[in-house]
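Structure file entry18.txt (compact mmCIF, C-alpha atoms and all ligand atoms) is printed below.
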# COMPACT_ATOMS: atom_id res chain seq x y z
CA MET D 29 -7.82 4.32 -4.00
CA SER D 30 -5.97 1.84 -6.15
CA SER D 31 -2.30 2.61 -6.69
CA GLU D 32 -2.89 2.44 -10.45
CA LYS D 33 -4.77 5.76 -10.22
CA LYS D 34 -1.93 7.55 -8.46
CA GLU D 35 0.68 9.58 -10.28
CA LEU D 36 3.47 7.36 -11.55
CA ILE D 37 6.81 8.94 -10.60
CA LEU D 38 9.31 6.31 -11.65
CA GLU D 39 9.02 3.24 -13.81
CA VAL D 40 11.90 0.85 -14.36
CA LYS D 41 11.28 -1.32 -17.41
CA ASP D 42 13.18 -4.45 -18.35
CA LEU D 43 16.45 -3.07 -16.95
CA HIS D 44 19.58 -5.10 -17.69
CA THR D 45 22.90 -3.96 -16.21
CA TYR D 46 25.88 -6.21 -16.81
CA PHE D 47 29.52 -6.07 -15.78
CA TYR D 48 32.37 -7.55 -17.80
CA ASP D 49 35.54 -8.89 -16.23
CA LYS D 50 38.96 -9.05 -17.89
CA ASP D 51 38.12 -12.44 -19.44
CA ASP D 52 34.94 -10.95 -20.93
CA ILE D 53 32.78 -13.07 -18.68
CA ILE D 54 29.40 -11.40 -18.18
CA TRP D 55 28.18 -10.69 -14.66
CA LYS D 56 24.41 -10.33 -14.99
CA ILE D 57 23.82 -8.05 -12.02
CA LEU D 58 20.40 -6.78 -13.13
CA ASP D 59 18.67 -9.04 -15.59
CA GLY D 60 15.28 -7.67 -16.51
CA VAL D 61 14.06 -5.60 -13.54
CA ASN D 62 10.60 -4.00 -13.65
CA LEU D 63 9.32 -1.62 -10.96
CA LYS D 64 6.80 1.17 -10.52
CA ILE D 65 6.86 3.87 -7.84
CA PHE D 66 3.87 6.11 -7.31
CA LYS D 67 3.78 9.61 -5.83
CA GLY D 68 4.09 9.72 -2.06
CA GLU D 69 4.89 6.03 -1.73
CA THR D 70 7.93 4.40 -0.23
CA LEU D 71 9.09 1.38 -2.16
CA GLY D 72 11.33 -0.87 -0.11
CA ILE D 73 13.77 -3.00 -2.06
CA LEU D 74 15.06 -5.99 -0.19
CA GLY D 75 17.79 -8.27 -1.37
CA PRO D 76 20.74 -10.22 -0.06
CA SER D 77 24.33 -9.12 -0.77
CA GLY D 78 25.06 -9.34 -4.47
CA SER D 79 21.40 -9.27 -5.49
CA GLY D 80 21.90 -6.04 -7.45
CA LYS D 81 20.39 -3.49 -5.02
CA SER D 82 23.13 -0.89 -5.24
CA VAL D 83 23.62 -1.41 -8.97
CA LEU D 84 19.91 -0.68 -9.33
CA THR D 85 20.42 2.67 -7.57
CA ARG D 86 23.40 3.47 -9.78
CA SER D 87 21.53 2.42 -12.90
CA ILE D 88 18.57 4.67 -12.07
CA LEU D 89 20.96 7.59 -11.57
CA ARG D 90 23.06 6.64 -14.62
CA LEU D 91 26.14 6.26 -12.46
CA VAL D 92 27.20 2.84 -13.73
CA LYS D 93 30.83 3.05 -14.75
CA PHE D 94 33.12 0.78 -16.81
CA PRO D 95 33.35 -2.25 -16.67
CA GLY D 96 29.59 -2.04 -16.03
CA LYS D 97 27.08 -1.19 -18.73
CA ILE D 98 23.34 -0.71 -18.91
CA GLU D 99 22.59 -3.13 -21.71
CA LYS D 100 18.93 -2.39 -22.18
CA GLY D 101 15.78 -1.16 -20.53
CA GLN D 102 14.19 2.14 -19.57
CA VAL D 103 14.10 4.28 -16.42
CA LEU D 104 11.13 6.58 -16.87
CA PHE D 105 11.04 9.51 -14.45
CA LYS D 106 7.79 11.43 -14.86
CA GLY D 107 7.62 9.88 -18.32
CA LYS D 108 11.17 10.87 -19.44
CA ASP D 109 13.68 8.08 -20.04
CA LEU D 110 16.65 8.93 -17.84
CA LEU D 111 18.83 6.53 -19.79
CA THR D 112 18.53 8.41 -23.06
CA ILE D 113 18.20 12.09 -22.16
CA ASP D 114 21.20 14.42 -22.59
CA GLU D 115 23.75 14.38 -19.77
CA GLU D 116 23.22 18.12 -19.35
CA ILE D 117 19.48 17.63 -18.72
CA PHE D 118 20.16 14.70 -16.41
CA ASN D 119 22.59 16.81 -14.36
CA LYS D 120 19.70 19.15 -13.67
CA ILE D 121 17.60 16.24 -12.36
CA ARG D 122 20.24 14.37 -10.35
CA GLY D 123 20.65 16.09 -6.96
CA LYS D 124 17.61 18.31 -7.51
CA GLU D 125 14.59 16.24 -8.45
CA ILE D 126 16.18 12.91 -7.49
CA SER D 127 18.44 12.78 -4.44
CA LEU D 128 20.51 10.04 -2.97
CA VAL D 129 21.48 9.10 0.59
CA LEU D 130 24.12 6.41 0.85
CA GLN D 131 25.51 4.35 3.70
CA ASN D 132 28.83 5.35 5.26
CA ALA D 133 28.06 9.07 5.31
CA PRO D 134 31.36 10.13 6.96
CA SER D 135 33.44 8.77 4.09
CA SER D 136 31.30 10.54 1.49
CA ILE D 137 31.77 13.99 3.06
CA ASP D 138 34.77 16.04 1.91
CA PRO D 139 37.00 16.11 5.02
CA THR D 140 38.50 19.48 4.05
CA ARG D 141 35.22 21.43 3.94
CA ASP D 142 32.82 22.38 6.74
CA MET D 143 29.20 21.28 7.07
CA THR D 144 27.93 24.53 5.58
CA PHE D 145 29.71 23.58 2.38
CA ALA D 146 28.74 19.89 2.57
CA THR D 147 25.06 20.55 3.26
CA SER D 148 24.61 23.28 0.70
CA GLN D 149 26.41 21.58 -2.18
CA PRO D 150 23.27 20.39 -4.08
CA TYR D 151 21.67 23.80 -3.53
CA ARG D 152 24.66 25.67 -4.92
CA GLU D 153 24.88 23.30 -7.89
CA HIS D 154 21.26 23.75 -8.90
CA SER D 155 20.15 27.19 -7.79
CA ASP D 156 20.11 30.19 -10.10
CA GLU D 157 20.18 32.49 -7.07
CA GLU D 158 23.54 33.99 -6.15
CA LEU D 159 23.57 33.69 -2.36
CA VAL D 160 26.40 35.09 -0.28
CA ARG D 161 28.04 32.92 2.36
CA SER D 162 25.95 34.38 5.21
CA GLU D 163 22.70 33.57 3.35
CA ILE D 164 23.86 30.05 2.57
CA LYS D 165 24.77 29.60 6.21
CA LEU D 166 21.28 30.65 7.29
CA LEU D 167 19.77 28.17 4.87
CA VAL D 168 22.06 25.37 6.11
CA VAL D 169 21.37 26.11 9.79
CA SER D 170 17.64 25.90 9.09
CA GLN D 171 18.16 22.64 7.19
CA LEU D 172 20.29 21.10 9.96
CA GLY D 173 17.58 22.08 12.45
CA LYS D 174 15.03 20.16 10.37
CA VAL D 175 17.04 16.96 10.78
CA ALA D 176 17.16 17.55 14.53
CA LEU D 177 20.89 18.13 14.84
CA PRO D 178 21.54 19.81 18.18
CA GLU D 179 23.11 23.26 17.92
CA PRO D 180 22.81 23.54 14.14
CA THR D 181 24.77 26.80 14.03
CA LYS D 182 27.79 25.17 15.69
CA THR D 183 27.39 22.03 13.58
CA SER D 184 27.45 24.07 10.39
CA ASP D 185 31.06 25.10 11.24
CA LYS D 186 32.25 21.58 11.98
CA TYR D 187 34.22 19.15 9.79
CA ALA D 188 33.44 15.50 9.10
CA HIS D 189 35.94 14.18 11.68
CA GLU D 190 34.13 16.17 14.41
CA LEU D 191 30.80 14.39 13.81
CA SER D 192 29.58 10.95 14.87
CA GLY D 193 28.29 8.48 12.27
CA GLY D 194 24.68 9.33 13.15
CA GLU D 195 25.32 13.09 12.92
CA SER D 196 27.04 12.66 9.54
CA GLN D 197 24.07 10.71 8.25
CA ARG D 198 21.74 13.51 9.40
CA VAL D 199 23.88 16.03 7.50
CA LYS D 200 23.63 13.89 4.36
CA ILE D 201 19.85 13.68 4.72
CA ALA D 202 19.64 17.47 5.26
CA SER D 203 21.69 17.93 2.11
CA ALA D 204 19.63 15.41 0.11
CA VAL D 205 16.36 17.21 0.84
CA ILE D 206 17.69 20.79 0.52
CA ASN D 207 16.25 21.10 -3.00
CA ASN D 208 12.95 19.51 -1.99
CA PRO D 209 13.36 16.58 -4.40
CA THR D 210 10.50 14.57 -5.87
CA LEU D 211 12.27 11.27 -5.29
CA LEU D 212 14.71 10.33 -2.53
CA ILE D 213 16.72 7.13 -2.87
CA ALA D 214 18.08 5.90 0.45
CA ASP D 215 20.55 3.09 -0.22
CA GLU D 216 21.24 1.14 3.00
CA PRO D 217 21.00 4.39 5.00
CA VAL D 218 21.48 2.72 8.38
CA ALA D 219 24.11 0.13 7.48
CA ASN D 220 27.06 0.30 9.91
CA LEU D 221 25.13 2.35 12.52
CA ASP D 222 24.37 0.94 15.94
CA ALA D 223 20.77 -0.04 16.63
CA THR D 224 19.78 3.10 18.58
CA ILE D 225 21.22 5.51 16.01
CA ALA D 226 19.76 3.42 13.17
CA ARG D 227 16.32 3.72 14.76
CA GLN D 228 16.71 7.52 15.02
CA ILE D 229 17.77 7.79 11.36
CA LEU D 230 14.82 5.67 10.23
CA ASN D 231 12.42 7.83 12.25
CA LEU D 232 14.03 10.90 10.69
CA LEU D 233 13.59 9.54 7.17
CA GLN D 234 9.93 8.91 7.91
CA GLU D 235 9.54 12.49 9.22
CA MET D 236 11.35 13.93 6.21
CA LYS D 237 9.17 11.89 3.90
CA GLU D 238 6.05 13.38 5.46
CA LYS D 239 7.42 16.91 5.80
CA PHE D 240 8.70 17.13 2.22
CA LYS D 241 6.00 14.87 0.70
CA LEU D 242 8.73 12.71 -0.74
CA THR D 243 8.44 9.63 -2.85
CA MET D 244 11.12 7.29 -1.62
CA ILE D 245 13.04 4.18 -2.59
CA LEU D 246 14.50 2.56 0.49
CA ILE D 247 17.06 -0.16 -0.06
CA ALA D 248 17.99 -2.55 2.73
CA HIS D 249 18.77 -6.17 3.40
CA ASN D 250 16.65 -6.31 6.56
CA LEU D 251 12.96 -7.07 6.16
CA GLY D 252 12.13 -5.64 9.60
CA ILE D 253 13.50 -2.20 8.65
CA LEU D 254 11.69 -2.15 5.33
CA ALA D 255 8.38 -3.28 6.77
CA GLU D 256 8.27 -0.28 9.10
CA LEU D 257 8.85 2.39 6.49
CA SER D 258 7.64 1.00 3.18
CA ASP D 259 4.26 1.05 1.51
CA LYS D 260 5.34 -1.57 -1.00
CA ILE D 261 8.18 -4.05 -1.05
CA ALA D 262 10.05 -5.66 -3.93
CA ILE D 263 12.25 -8.69 -3.30
CA LEU D 264 15.36 -8.70 -5.48
CA TYR D 265 17.38 -11.86 -5.92
CA ALA D 266 20.17 -12.55 -8.42
CA GLY D 267 19.16 -9.61 -10.59
CA LYS D 268 15.44 -10.41 -10.74
CA ILE D 269 12.39 -9.28 -8.78
CA LEU D 270 10.87 -12.39 -7.22
CA GLU D 271 7.92 -10.83 -5.43
CA TYR D 272 6.32 -7.39 -5.23
CA SER D 273 3.31 -6.14 -3.32
CA ASP D 274 2.10 -3.87 -0.53
CA VAL D 275 3.88 -4.27 2.77
CA ASP D 276 1.05 -6.11 4.56
CA THR D 277 0.77 -8.69 1.82
CA ILE D 278 4.52 -9.30 1.79
CA PHE D 279 4.58 -9.47 5.57
CA TYR D 280 1.47 -11.57 6.22
CA HIS D 281 0.93 -13.48 2.96
CA PRO D 282 4.33 -13.93 1.28
CA LYS D 283 4.08 -16.42 -1.57
CA HIS D 284 7.57 -16.80 -2.98
CA PRO D 285 9.60 -19.50 -1.18
CA PHE D 286 12.55 -17.09 -0.87
CA THR D 287 10.41 -14.40 0.79
CA GLN D 288 8.90 -17.02 3.08
CA GLY D 289 12.40 -18.23 3.94
CA LEU D 290 13.46 -14.69 4.86
CA PHE D 291 10.93 -14.61 7.69
CA TYR D 292 12.53 -17.60 9.34
CA ALA D 293 16.05 -16.37 8.60
CA THR D 294 15.68 -12.86 10.09
CA PRO D 295 16.28 -12.86 13.85
CA SER D 296 14.14 -9.74 14.55
CA ILE D 297 11.00 -11.22 12.95
CA ALA D 298 11.37 -15.01 12.99
CA PRO D 299 8.77 -16.77 15.18
CA ARG D 300 10.28 -17.57 18.56
CA GLY D 301 12.44 -20.69 18.47
CA ARG D 302 12.03 -21.12 14.70
CA LEU D 303 15.02 -19.20 13.37
CA LYS D 304 16.23 -21.12 10.34
CA PRO D 305 18.72 -19.98 7.69
CA ILE D 306 17.91 -20.43 4.02
CA PRO D 307 20.10 -23.31 2.83
CA GLY D 308 22.87 -22.70 0.30
CA LYS D 309 24.15 -19.33 -0.84
CA GLU D 310 23.34 -16.65 -3.36
CA PRO D 311 24.26 -17.65 -6.91
CA ASP D 312 27.40 -16.42 -8.63
CA PRO D 313 26.34 -13.73 -11.16
CA ARG D 314 28.93 -15.12 -13.62
CA SER D 315 27.20 -18.50 -13.80
CA LEU D 316 23.57 -18.11 -12.81
CA PRO D 317 21.48 -21.25 -12.48
CA THR D 318 19.27 -22.13 -15.41
CA GLY D 319 15.52 -21.90 -14.81
CA CYS D 320 14.44 -20.30 -11.56
CA ARG D 321 17.46 -18.59 -9.99
CA PHE D 322 16.38 -19.79 -6.56
CA HIS D 323 15.92 -23.45 -7.51
CA PRO D 324 19.18 -24.84 -6.03
CA ARG D 325 17.99 -23.59 -2.61
CA CYS D 326 14.27 -24.22 -2.92
CA GLU D 327 12.64 -27.12 -1.13
CA TYR D 328 9.63 -26.98 -3.49
CA ALA D 329 11.58 -27.10 -6.77
CA ILE D 330 10.14 -29.34 -9.48
CA GLU D 331 11.75 -30.37 -12.78
CA LYS D 332 10.39 -27.36 -14.65
CA CYS D 333 12.05 -25.00 -12.10
CA LYS D 334 15.47 -26.23 -13.20
CA SER D 335 15.04 -25.36 -16.86
CA GLU D 336 12.40 -22.63 -17.27
CA LEU D 337 12.64 -19.16 -15.80
CA PRO D 338 9.36 -18.02 -14.20
CA GLU D 339 8.48 -14.39 -14.99
CA LEU D 340 6.85 -12.03 -12.49
CA GLU D 341 3.08 -12.44 -12.85
CA GLU D 342 0.11 -11.05 -10.96
CA TYR D 343 -1.01 -13.61 -8.41
CA LYS D 344 -3.78 -11.43 -6.99
CA GLU D 345 -4.50 -7.76 -7.57
CA GLY D 346 -1.30 -5.81 -6.87
CA HIS D 347 0.62 -8.91 -5.75
CA PHE D 348 3.22 -10.19 -8.22
CA VAL D 349 5.22 -13.40 -7.83
CA ALA D 350 7.75 -15.19 -10.04
CA CYS D 351 7.33 -18.85 -9.13
CA TRP D 352 6.04 -21.91 -11.01
CA ARG D 353 4.51 -23.38 -7.87
CA VAL D 354 2.56 -20.20 -7.12
CA LYS D 355 1.34 -19.97 -10.73
CA GLU D 356 -0.34 -23.33 -10.30
CA ILE D 357 -2.39 -22.34 -7.25
CA PRO D 358 -6.04 -22.45 -8.40
CA ALA D 359 -8.03 -19.22 -8.09
CA TYR D 360 -10.34 -20.64 -5.41
CA GLU D 361 -7.37 -21.38 -3.15
CA LYS D 362 -5.83 -17.89 -3.35
CA GLU D 363 -5.92 -16.09 -0.01
S1 LIG X 1 9.89 -21.55 -9.36
FE1 LIG X 1 10.30 -23.51 -8.41
S2 LIG X 1 12.36 -23.32 -7.58
FE2 LIG X 1 11.65 -21.29 -8.02
S3 LIG X 1 10.82 -20.61 -6.09
FE3 LIG X 1 9.13 -21.45 -7.26
S4 LIG X 1 9.00 -23.59 -6.61
FE4 LIG X 1 10.97 -22.82 -5.95

Will you turn the file into structure tokens for me?
Amino acid sequence: MSSEKKELILEVKDLHTYFYDKDDIIWKILDGVNLKIFKGETLGILGPSGSGKSVLTRSILRLVKFPGKIEKGQVLFKGKDLLTIDEEIFNKIRGKEISLVLQNAPSSIDPTRDMTFATSQPYREHSDEELVRSEIKLLVVSQLGKVALPEPTKTSDKYAHELSGGESQRVKIASAVINNPTLLIADEPVANLDATIARQILNLLQEMKEKFKLTMILIAHNLGILAELSDKIAILYAGKILEYSDVDTIFYHPKHPFTQGLFYATPSIAPRGRLKPIPGKEPDPRSLPTGCRFHPRCEYAIEKCKSELPELEEYKEGHFVACWRVKEIPAYEKE
């Protein structure tokens, strides 16, 4: 079935989020982002540091604070624009219908409260039921069991400093799915975890996705991680989506020179003996290059790339690329 026939859960349209420094210089962190996420899918968003990944999460959840500002665009969740609805209505969506798991779980857990409190927080905020402590505890123990924490009853009495990084991340996942959300956003959920624990957390996210029939946005800077869990992948670079398609197409037929470069620059997936970093560095959001944002680093750049910005266009069905060179590939040569 084509993805166009599936239920559209979230659509980000022409989203611009800028930050302003003390000299009123504009940092164009998101500069016209468009995305669609369909029910039951996992959309992986890949981007280098400073590409705008985390600002995208905060923009979707309307958590951008001064000196940042969402300048324009729409974030349509089941057809409602999250950027314009009343704060009171949004508070009923955030943490209930849309949940967030961040990196560095231990630092985001209140050190003075136990795991019963930490895990049940979104439930208590959104439920109309008045549960007593013993009922909440039962709910939490069941939830901690679902994320495979050993001895969930004992864990529910513990404090953040008594848990490892992996255990804390499991608690945050248990808490994020306690209200059975429609959409889970996992922003770098395995950053700072060692490889074995990271693998366990990724497996857990996959299990949770299936168990709770979640739609998920998974943000990471590692293509290998995203390829395993995502149905579709969007490549974000300097505030723009450069390429977007299903995971197999991105993995086996990448078209954008930046995406192609990532394969040779990622140790876990680069062909043996051909590891090669992408030359140069990510552009400064205060002075973005004219034309294609990737042109100073692109070996295929032509004159036009330096002055005209290529928009994301459909290269083949469901495969979108923003690149002048790709636009010129004749139809009979498209693989
Ligand atoms: S538009 Fe030009 S500079 Fe940009 S990726 Fe394509 S070929 Fe390279």

(message) Neighbours of ligand LIG 1 (chain X) at 8 Å or closer, counting all atoms listed in the file: which residues, as a list in words?
(response)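 I would give the residues around ligand LIG 1 (chain X) as His284, Pro285, Phe286, Gly319, Cys320, Arg321, Phe322, His323, Pro324, Arg325, Cys326, Glu327, Tyr328, Ala329, Ile330, Lys332, Cys333, Lys334, Leu337, Pro338, Ala350, Cys351, Trp352, Arg353 and Val354 of chain D.
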
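Distance check against His249 (chain D) using all atoms listed in the file: of D:Leu74, D:Leu270, D:Val205, D:Leu303, the minimum falls on D:Leu74.
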
(request) For CA of Pro307 (chain D) and CA of Tyr265 (chain D), determine how far apart the two atoms are, in Å to one decimal place. (result) 14.7 Å

(request) List the neighbours of Thr210 (chain D) out to 12 Å using all atoms listed in the file; skip same-chain residues closer than 5 positions along the sequence, and give me the result as a PyMOL selection string. (result) chain D and resi 35-38+65-70+105-106+121-128+204-205+237+240-245

(message) Report, in Å to a single decimal, how far apart CA of Glu39 (chain D) and CA of Leu232 (chain D) are.
(response) 26.2 Å

(request) Report the distance between CA of His347 (chain D) and CA of Leu63 (chain D) in Å, rounded to one decimal place. (result) 12.5 Å

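Ranking D:Leu58, D:Ile247, D:Ile201, D:Leu159 by their shortest atom-to-atom distance to Val83 (chain D), with all atoms listed in the file included, puts D:Leu58 first.
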
Which polymer residues have any atom within 7 Å of an atom of Thr147 (chain D), counting all atoms listed in the file, with same-chain residues fewer than 2 positions away left out, as an mmCIF file with C-alpha atoms, in the coordinates of the input?
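Listed below is the output, out.cif:
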data_model
loop_
_atom_site.group_PDB
_atom_site.id
_atom_site.type_symbol
_atom_site.label_atom_id
_atom_site.label_comp_id
_atom_site.auth_asym_id
_atom_site.auth_seq_id
_atom_site.Cartn_x
_atom_site.Cartn_y
_atom_site.Cartn_z
ATOM 1 C CA MET D 143 29.200 21.280 7.070
ATOM 2 C CA THR D 144 27.930 24.530 5.580
ATOM 3 C CA PHE D 145 29.710 23.580 2.380
ATOM 4 C CA GLN D 149 26.410 21.580 -2.180
ATOM 5 C CA VAL D 168 22.060 25.370 6.110
ATOM 6 C CA VAL D 199 23.880 16.030 7.500
ATOM 7 C CA LYS D 200 23.630 13.890 4.360
ATOM 8 C CA ALA D 202 19.640 17.470 5.260
ATOM 9 C CA SER D 203 21.690 17.930 2.110
#

(request) Determine the nearest neighbour of Ile73 (chain D) from the options D:Leu316, D:Ala266, D:Ile278, D:Leu254, counting all atoms listed in the file. (result)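 For Ile73 (chain D), the nearest of the given residues is D:Leu254.
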
(request) Just the residues within 12 Å of Ile357 (chain D), please, counting all atoms listed in the file, with nothing from its chain fewer than 5 positions along; format it as a ChimeraX atom specification. (result) /D:283,343-344,349,351-352,362-363

(request) Can you pull out every residue within 12 Å of Ile137 (chain D), counting all atoms listed in the file, but drop anything in the same chain fewer than 4 positions away, and send it as a PyMOL selection string? (result) chain D and resi 129-133+141-149+186-191+193+195-200+203

(request) Please provide as a PyMOL selection string all residues within 10 Å of Leu251 (chain D), with the sequence filter that same-chain residues fewer than 3 positions apart are discarded (counting all atoms listed in the file). (result) chain D and resi 72-75+248+254-256+261+263+278-279+287+290-291+294+296-297

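Among the candidates D:Ile306, D:Leu246, D:Met236, D:Ile206, the one nearest to Ala262 (chain D) when counting all atoms listed in the file is D:Leu246.
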
(request) Go through D:Lys93, D:Lys239, D:Arg227, D:Lys268 and flag the residue nearest Leu43 (chain D), using only C-alpha atoms for the distances. (result)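 Of D:Lys93, D:Lys239, D:Arg227, D:Lys268, the one nearest Leu43 (chain D) is D:Lys268, counting only C-alpha atoms.
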
(request) Name the closest residue to Asp59 (chain D) among the candidates D:Lys260, D:Asp109, D:Ile117, D:Pro313; distances are taken between atoms, counting only C-alpha atoms. (result)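 That would be D:Pro313, the residue with the smallest distance to Asp59 (chain D).
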
(request) For the point (20.8, 5.6, -10.8) in the file's frame, write as number ranges by chain all residues with an atom no more than 10 Å away, counting only C-alpha atoms. (result) D: 82-92, 103, 110-111, 122, 126-128, 213
